[in-house]
Each structure stands twice: as C-alpha cells, then as structure tokens.
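Text of the file upload30.cif, holding mmCIF, C-alpha atoms:
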data_coords
#
loop_
_atom_site.group_PDB
_atom_site.id
_atom_site.type_symbol
_atom_site.label_atom_id
_atom_site.label_comp_id
_atom_site.auth_asym_id
_atom_site.auth_seq_id
_atom_site.Cartn_x
_atom_site.Cartn_y
_atom_site.Cartn_z
ATOM 1 C CA MET M 1 89.674 75.286 102.832
ATOM 2 C CA LEU M 2 89.123 78.968 102.125
ATOM 3 C CA LEU M 3 86.721 78.626 99.180
ATOM 4 C CA ASN M 4 84.772 75.573 98.087
ATOM 5 C CA LYS M 5 83.576 74.639 94.612
ATOM 6 C CA ASP M 6 80.314 76.587 94.882
ATOM 7 C CA GLU M 7 82.036 79.709 96.166
ATOM 8 C CA ILE M 8 84.551 79.510 93.322
ATOM 9 C CA LEU M 9 81.714 79.494 90.789
ATOM 10 C CA GLU M 10 80.684 82.891 92.144
ATOM 11 C CA LEU M 11 84.132 84.265 91.267
ATOM 12 C CA LEU M 12 84.794 82.691 87.862
ATOM 13 C CA PRO M 13 82.967 83.220 84.574
ATOM 14 C CA GLN M 14 83.642 79.588 83.550
ATOM 15 C CA ARG M 15 81.111 76.844 84.143
ATOM 16 C CA PRO M 16 81.609 73.039 84.185
ATOM 17 C CA PRO M 17 83.226 71.328 82.370
ATOM 18 C CA MET M 18 85.519 74.334 81.897
ATOM 19 C CA VAL M 19 86.110 74.913 85.609
ATOM 20 C CA MET M 20 89.597 73.703 86.436
ATOM 21 C CA ILE M 21 89.964 74.478 90.105
ATOM 22 C CA GLU M 22 88.122 72.654 92.824
ATOM 23 C CA GLY M 23 88.873 74.715 95.883
ATOM 24 C CA VAL M 24 91.043 77.519 97.218
ATOM 25 C CA LEU M 25 93.241 76.508 100.129
ATOM 26 C CA SER M 26 94.663 79.909 101.033
ATOM 27 C CA ALA M 27 94.900 83.457 99.756
ATOM 28 C CA ASP M 28 96.310 86.791 100.824
ATOM 29 C CA ALA M 29 96.888 90.108 99.086
ATOM 30 C CA HIS M 30 99.699 88.755 96.916
ATOM 31 C CA SER M 31 99.209 85.029 96.511
ATOM 32 C CA CYS M 32 96.693 82.234 96.285
ATOM 33 C CA ARG M 33 96.819 78.417 96.381
ATOM 34 C CA SER M 34 94.170 76.217 94.769
ATOM 35 C CA PHE M 35 93.696 72.482 94.287
ATOM 36 C CA PHE M 36 92.188 70.296 91.592
ATOM 37 C CA SER M 37 91.617 66.568 91.320
ATOM 38 C CA VAL M 38 92.263 65.063 87.905
ATOM 39 C CA ASP M 39 89.176 63.173 86.798
ATOM 40 C CA SER M 40 89.174 60.648 83.956
ATOM 41 C CA GLY M 41 86.124 62.194 82.333
ATOM 42 C CA HIS M 42 87.581 65.672 82.255
ATOM 43 C CA LEU M 43 87.573 67.613 79.015
ATOM 44 C CA PHE M 44 91.345 68.100 79.140
ATOM 45 C CA CYS M 45 92.237 64.517 80.012
ATOM 46 C CA GLU M 46 93.715 62.374 77.285
ATOM 47 C CA ASN M 47 95.356 58.973 77.590
ATOM 48 C CA GLY M 48 94.944 59.161 81.351
ATOM 49 C CA ARG M 49 96.778 62.453 81.733
ATOM 50 C CA PHE M 50 95.713 66.058 82.313
ATOM 51 C CA GLU M 51 96.955 67.966 79.289
ATOM 52 C CA ALA M 52 99.211 71.026 79.253
ATOM 53 C CA ALA M 53 96.318 73.226 78.095
ATOM 54 C CA GLY M 54 94.438 72.181 81.218
ATOM 55 C CA LEU M 55 97.397 73.072 83.430
ATOM 56 C CA VAL M 56 97.627 76.530 81.860
ATOM 57 C CA GLU M 57 93.891 77.056 82.303
ATOM 58 C CA ASN M 58 94.197 75.853 85.889
ATOM 59 C CA MET M 59 96.893 78.485 86.558
ATOM 60 C CA ALA M 60 94.791 81.215 84.928
ATOM 61 C CA GLN M 61 91.687 80.246 86.891
ATOM 62 C CA THR M 62 93.652 80.266 90.136
ATOM 63 C CA ALA M 63 94.682 83.836 89.300
ATOM 64 C CA ALA M 64 91.054 84.698 88.471
ATOM 65 C CA ALA M 65 89.821 83.206 91.749
ATOM 66 C CA HIS M 66 92.457 85.246 93.594
ATOM 67 C CA ALA M 67 91.391 88.475 91.869
ATOM 68 C CA GLY M 68 87.747 87.657 92.552
ATOM 69 C CA TYR M 69 88.440 86.858 96.191
ATOM 70 C CA LEU M 70 90.237 90.177 96.700
ATOM 71 C CA ALA M 71 87.451 92.083 94.927
ATOM 72 C CA ARG M 72 84.800 90.446 97.093
ATOM 73 C CA LYS M 73 86.697 91.456 100.219
ATOM 74 C CA GLU M 74 86.310 95.045 99.055
ATOM 75 C CA GLN M 75 82.589 94.557 98.284
ATOM 76 C CA LYS M 76 83.281 94.736 94.529
ATOM 77 C CA SER M 77 82.319 92.457 91.667
ATOM 78 C CA PRO M 78 84.976 89.990 90.494
ATOM 79 C CA PRO M 79 86.966 91.600 87.670
ATOM 80 C CA ALA M 80 86.980 90.157 84.168
ATOM 81 C CA GLY M 81 90.441 88.904 83.233
ATOM 82 C CA TYR M 82 91.948 87.960 79.901
ATOM 83 C CA ILE M 83 95.247 86.160 79.332
ATOM 84 C CA ALA M 84 97.406 88.623 77.402
ATOM 85 C CA GLY M 85 100.604 86.600 77.360
ATOM 86 C CA ILE M 86 102.415 83.576 78.748
ATOM 87 C CA LYS M 87 106.193 83.447 79.208
ATOM 88 C CA ASN M 88 108.661 80.809 80.278
ATOM 89 C CA LEU M 89 106.104 78.032 80.365
ATOM 90 C CA GLN M 90 107.678 74.821 81.623
ATOM 91 C CA ILE M 91 105.835 71.529 81.904
ATOM 92 C CA VAL M 92 107.885 68.870 83.666
ATOM 93 C CA THR M 93 105.246 66.188 83.673
ATOM 94 C CA LEU M 94 101.507 65.841 83.182
ATOM 95 C CA PRO M 95 99.473 64.657 86.181
ATOM 96 C CA VAL M 96 97.644 61.357 85.785
ATOM 97 C CA VAL M 97 94.017 60.584 86.514
ATOM 98 C CA GLY M 98 93.396 60.284 90.240
ATOM 99 C CA GLU M 99 96.161 62.659 91.250
ATOM 100 C CA GLN M 100 95.546 65.998 92.906
ATOM 101 C CA ILE M 101 97.436 69.114 91.888
ATOM 102 C CA GLU M 102 97.961 72.264 93.906
ATOM 103 C CA THR M 103 98.575 75.533 92.136
ATOM 104 C CA GLU M 104 100.194 78.591 93.624
ATOM 105 C CA ILE M 105 100.091 81.985 91.997
ATOM 106 C CA SER M 106 101.818 85.115 93.216
ATOM 107 C CA LEU M 107 101.331 88.643 92.010
ATOM 108 C CA GLN M 108 104.664 89.932 90.696
ATOM 109 C CA HIS M 109 103.723 93.267 89.191
ATOM 110 C CA GLN M 110 100.747 95.462 88.519
ATOM 111 C CA VAL M 111 101.298 97.676 85.469
ATOM 112 C CA MET M 112 98.351 99.822 84.407
ATOM 113 C CA ASN M 113 95.471 97.366 84.080
ATOM 114 C CA PHE M 114 97.747 94.362 83.623
ATOM 115 C CA ARG M 115 98.690 91.927 86.354
ATOM 116 C CA ILE M 116 101.817 89.852 85.936
ATOM 117 C CA ILE M 117 101.680 86.686 87.977
ATOM 118 C CA ALA M 118 104.061 83.800 88.573
ATOM 119 C CA ALA M 119 102.316 80.431 88.656
ATOM 120 C CA ARG M 120 103.595 77.059 89.866
ATOM 121 C CA VAL M 121 101.775 73.734 89.822
ATOM 122 C CA PHE M 122 102.663 70.979 92.278
ATOM 123 C CA CYS M 123 101.787 67.311 92.320
ATOM 124 C CA LYS M 124 102.805 65.180 95.294
ATOM 125 C CA GLU M 125 104.821 68.195 96.495
ATOM 126 C CA ALA M 126 106.975 68.246 93.339
ATOM 127 C CA GLU M 127 106.764 71.198 90.970
ATOM 128 C CA ILE M 128 105.421 69.949 87.652
ATOM 129 C CA ALA M 129 104.708 73.175 85.773
ATOM 130 C CA CYS M 130 105.319 76.888 85.955
ATOM 131 C CA CYS M 131 104.952 80.031 83.900
ATOM 132 C CA GLU M 132 104.661 83.773 84.044
ATOM 133 C CA MET M 133 101.284 85.084 82.938
ATOM 134 C CA LYS M 134 100.249 88.547 81.878
ATOM 135 C CA ILE M 135 96.560 89.165 82.559
ATOM 136 C CA LEU M 136 94.532 92.114 81.331
ATOM 137 C CA VAL M 137 92.088 92.977 84.090
ATOM 138 C CA ASN M 138 88.864 94.834 83.511
ATOM 139 C CA GLU M 139 87.798 96.114 86.924
ATOM 140 C CA ARG M 140 84.065 96.325 87.626
ATOM 141 C CA GLU M 141 82.311 98.151 90.444
ATOM 142 C CA MET E 1 127.289 102.305 89.395
ATOM 143 C CA ASN E 2 128.567 104.961 87.041
ATOM 144 C CA GLU E 3 126.749 106.086 83.906
ATOM 145 C CA LYS E 4 128.493 103.616 81.599
ATOM 146 C CA GLN E 5 127.751 100.706 83.928
ATOM 147 C CA ILE E 6 124.081 101.682 84.058
ATOM 148 C CA ILE E 7 123.877 101.932 80.257
ATOM 149 C CA ASP E 8 125.596 98.548 79.927
ATOM 150 C CA LYS E 9 123.085 97.075 82.359
ATOM 151 C CA ILE E 10 120.183 98.563 80.379
ATOM 152 C CA ASN E 11 121.553 97.158 77.127
ATOM 153 C CA ASP E 12 122.084 93.754 78.725
ATOM 154 C CA PHE E 13 118.500 93.418 79.882
ATOM 155 C CA LEU E 14 117.117 94.739 76.599
ATOM 156 C CA ILE E 15 119.179 92.172 74.671
ATOM 157 C CA ASP E 16 118.045 89.431 77.016
ATOM 158 C CA GLU E 17 114.372 90.382 77.264
ATOM 159 C CA PHE E 18 113.703 91.413 73.680
ATOM 160 C CA GLU E 19 116.128 89.071 71.909
ATOM 161 C CA VAL E 20 117.854 91.813 69.951
ATOM 162 C CA GLU E 21 121.464 91.710 68.762
ATOM 163 C CA ALA E 22 123.879 93.975 70.613
ATOM 164 C CA GLU E 23 124.986 95.527 67.302
ATOM 165 C CA GLU E 24 121.452 96.760 66.652
ATOM 166 C CA ILE E 25 121.528 98.951 69.730
ATOM 167 C CA SER E 26 122.935 102.432 69.254
ATOM 168 C CA PRO E 27 122.094 105.698 71.005
ATOM 169 C CA ASP E 28 120.402 107.164 67.930
ATOM 170 C CA ALA E 29 118.397 104.068 67.002
ATOM 171 C CA ASN E 30 114.655 104.117 67.510
ATOM 172 C CA LEU E 31 113.790 102.128 70.631
ATOM 173 C CA ARG E 32 110.359 100.903 69.542
ATOM 174 C CA GLU E 33 111.405 99.891 66.045
ATOM 175 C CA THR E 34 114.670 98.255 67.085
ATOM 176 C CA LEU E 35 113.087 96.199 69.851
ATOM 177 C CA ASP E 36 109.939 95.629 67.765
ATOM 178 C CA LEU E 37 107.795 96.688 70.704
ATOM 179 C CA ASP E 38 104.047 96.286 70.666
ATOM 180 C CA SER E 39 101.725 97.515 73.409
ATOM 181 C CA LEU E 40 102.143 94.323 75.463
ATOM 182 C CA ASP E 41 105.928 94.525 75.166
ATOM 183 C CA TYR E 42 105.801 97.927 76.875
ATOM 184 C CA ILE E 43 104.336 96.144 79.899
ATOM 185 C CA ASP E 44 107.362 93.820 79.866
ATOM 186 C CA LEU E 45 109.626 96.849 79.578
ATOM 187 C CA VAL E 46 108.045 98.436 82.657
ATOM 188 C CA VAL E 47 108.476 95.160 84.552
ATOM 189 C CA VAL E 48 112.107 94.690 83.542
ATOM 190 C CA ILE E 49 112.953 98.265 84.559
ATOM 191 C CA GLU E 50 111.301 97.745 87.937
ATOM 192 C CA ASN E 51 113.149 94.448 88.425
ATOM 193 C CA ASN E 52 116.510 96.018 87.594
ATOM 194 C CA PHE E 53 116.229 99.491 89.078
ATOM 195 C CA GLY E 54 113.416 99.298 91.602
ATOM 196 C CA PHE E 55 111.143 102.035 90.266
ATOM 197 C CA LYS E 56 107.967 101.971 88.229
ATOM 198 C CA VAL E 57 107.622 103.715 84.886
ATOM 199 C CA GLU E 58 104.294 105.306 84.048
ATOM 200 C CA ALA E 59 102.896 104.742 80.557
ATOM 201 C CA GLU E 60 102.902 108.457 79.747
ATOM 202 C CA ASP E 61 106.650 108.605 80.421
ATOM 203 C CA PHE E 62 107.208 106.699 77.180
ATOM 204 C CA LYS E 63 105.721 109.545 75.142
ATOM 205 C CA ASP E 64 109.032 111.397 75.183
ATOM 206 C CA ILE E 65 111.246 108.333 74.725
ATOM 207 C CA HIS E 66 112.038 107.744 71.078
ATOM 208 C CA THR E 67 115.680 106.700 70.885
ATOM 209 C CA PHE E 68 117.894 104.549 73.078
ATOM 210 C CA GLU E 69 119.623 107.761 74.156
ATOM 211 C CA ASP E 70 116.252 109.134 75.350
ATOM 212 C CA PHE E 71 115.725 105.888 77.245
ATOM 213 C CA TYR E 72 119.162 105.987 78.896
ATOM 214 C CA ARG E 73 118.655 109.644 79.901
ATOM 215 C CA TYR E 74 115.250 108.855 81.367
ATOM 216 C CA ILE E 75 116.579 105.938 83.440
ATOM 217 C CA LEU E 76 119.622 107.909 84.590
ATOM 218 C CA ALA E 77 117.435 110.855 85.611
ATOM 219 C CA ARG E 78 115.078 108.591 87.576
ATOM 220 C CA ILE E 79 117.999 106.898 89.343
ATOM 221 C CA GLN E 80 119.471 110.282 90.230
ATOM 222 C CA ALA E 81 116.107 111.560 91.466
ATOM 223 C CA ASN E 82 115.713 108.477 93.661
ATOM 224 C CA GLN E 83 119.190 108.930 95.107
ATOM 225 C CA GLU E 84 118.471 112.568 95.945
ATOM 226 C CA ALA E 85 115.081 111.821 97.519
#

What is this structure when it is put down as structure tokens?
Amino acid sequence: MLLNKDEILELLPQRPPMVMIEGVLSADAHSCRSFFSVDSGHLFCENGRFEAAGLVENMAQTAAAHAGYLARKEQKSPPAGYIAGIKNLQIVTLPVVGEQIETEISLQHQVMNFRIIAARVFCKEAEIACCEMKILVNERE
Amino acid sequence: MNEKQIIDKINDFLIDEFEVEAEEISPDANLRETLDLDSLDYIDLVVVIENNFGFKVEAEDFKDIHTFEDFYRYILARIQANQEA
C-alpha cells in the first residue's frame, strides 16, 4: 500500500465519517488507485448497500488524495479541490456491506485551474461505476 | 482534411457536446449564445478541441471569438500553424 488511512487524512480536508477512501494502492503523475471497505455503519450505507452519493464522493476523494500526493512530492501543501461538474455518471450496481471497492482515477486534461479526471470504480474486478469529473483546484504553497 | 471537412467536424462535436440543433449553427450566429456557454462550458470546449485536434486553447484566445465563423477561422489557423511548425 502506498498510503494508509492516517497518511490519507493528511491529504484530505474531510474527517470521519466523511472519509470515503481507506488506502491508496498506487499513484503516478497521471493516475491513482484507492480502496475502501463498505461498512454497515457508514453514513452512506442504506439497506445494506453503499449509495451512489458515496461512490461519487469516493471518486472525488481519490482524485483529492492523488492531487495531495503529487503536491507533497513537490514539498507543497495539498491543494483545495471543489467538484465543478460531473458528466456521464454511470452506476451499474451498488456495492453491499462487506465488499471492498477499488477506485481508479486518471487525469485527462488540465485546463487553467481545472482538472478533468476519468474515474472508475471496481468491485470484485468488475466495473460498477464511472464518471468524468471536473475539479476546480486551488493551489497552495 | 480540407476546410469543409474540418468545419463539419467542428459542427459535429459542438452538436454532440452542447446538445444544440444543427439548424441553429450558422457562421454568423453568436457562439456563446447559441451554445448557451457558461464559464464551465468553456472548459469543456477546450477539452473537446484538444480531443479532436490535439492542441490546447488558452482562455484569452476566446476573447476574439464571437461567431461560429470566428471559431472556425481560429481552429483552421491553429491547424495550419501546427502543420507548418
């Protein structure tokens, strides 16, 4: 694992129970892969399933962890990011309690201070959700 | 691609990306008003141009683009400049 739960908390502004990634498995300049275990007591769990809103937040937080990881490598503070738009969101199925999801984001474009990322969520190696996300990034020194 | 093919390609991706009717597009029509572009849509426009033509548009370049004709001329000029480089 590249980043554990405690290290992720140093990169994200969210705090439990709003943290929706558990660890970062890998990251490079253009992509990042996180994982998250669906817990029955989680804020976004209903009727034994992790809701779509949780999946979207999970994708956004994976992107935030990626941006934070890259900033830290350059001795900078993690940037603040805000979701500016979501396109082509597809949810195939919602993961159930006890399952682990892995989320992969890849940087598609950087336009001014916006990052456009493609995000895909996998459960048991099958893709269960995807979207394109536009994130407004406020860089900090 | 000749000029007409490039303009057809531009119109195709504008219709697809911004869900506008083909009949609404004419060289003299205002680009921003016709496509109902807000500031975030301009980001999508930059992305779709890069995806289709392989070059990045700077925000300030849009200052002189008012009509579809302006937009076509800008794209054609950038393509030509890239070919000559």

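Every chain M residue lying within 9 Å of chain E, based on only C-alpha atoms, is listed here: Ala84, Gly85, Gln108, His109, Gln110, Val111, Met112, Phe114, Ile116 and Lys134 of chain M.
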
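The spacing separating atom CA of Leu70 of chain M from atom CA of Ile101 of chain M amounts to 22.8 Å.
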
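Interatomic distance, atom CA of Ala29 of chain E against atom CA of Glu69 of chain E: 8.1 Å.
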
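Each of E:His66, E:Arg78, E:Arg32, E:Arg73 was checked against Phe53 of chain E using all atoms listed in the file; the smallest atom-to-atom distance is that of E:Arg78.
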
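Put simply, atom CA of Arg115 of chain M is 26.9 Å away from atom CA of Asp70 of chain E.
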
Given the PyMOL selection byres ((chain M and resi 52) around 9), the residues it picks as a VMD selection string: chain M and resid 44 50 to 51 53 to 57 91 93 to 94 129

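For Lys9 of chain E, the list of residues within 12 Å, based on only C-alpha atoms and with local chain neighbours fewer than 6 positions off taken out, reads Met1, Asn2, Glu3, Ile15, Asp16, Val48, Ile49, Asn51, Asn52, Phe53, Tyr72, Ile75 and Leu76 of chain E.
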
Mind telling me what the PyMOL selection byres ((chain M and resi 37) around 9) catches here, as a PyMOL selection string? chain M and resi 20-22+35-36+38-39+97-102

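For the residues M:Cys131, M:Glu125, M:Leu107, M:Val24, ranking by smallest atom-to-atom distance to Thr62 of chain M using all atoms listed in the file places M:Val24 first.
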
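Among the candidate residues E:Leu14, E:Leu31, E:Ala22, E:Ile7, the one lying nearest to Lys63 of chain E is E:Leu31, with distances computed using all atoms listed in the file.
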
Option closest in space to Asp64 of chain E, from E:Asn30, E:Asn82, E:Ser39, E:Asn11 [counting all atoms listed in the file]: E:Asn30

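Of the residues under consideration (M:Pro79, M:Gly68, M:Gly48, M:Gly41), M:Gly68 shows the shortest atom-to-atom contact distance to Ile8 of chain M when counting all atoms listed in the file.
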
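Ranking E:Ile79, E:Ala85, E:Asp38, E:Thr67 by their shortest atom-to-atom distance to Ser26 of chain E, with all atoms listed in the file included, puts E:Thr67 first.
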
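Using only C-alpha atoms, the contacts of Met1 of chain M at a cut-off of 8 Å, with sequence neighbours closer than 6 positions omitted, comprise Gly23, Val24, Leu25 and Ser26 of chain M.
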
Could you give me, as an MDAnalysis selection string, the residues within 10 Å of segment 72-75 of chain M, counting only C-alpha atoms and dropping anything in the same chain fewer than 4 positions from it? chainID M and resid 10:11 66:68 79 141

Please enumerate the residues selected by the PyMOL selection byres ((chain M and resi 118) around 12) when evaluated against the supplied file, formatted as a ChimeraX atom specification. /M:30-33,56,59-60,62-63,86-90,103-109,115-117,119-121,129-135
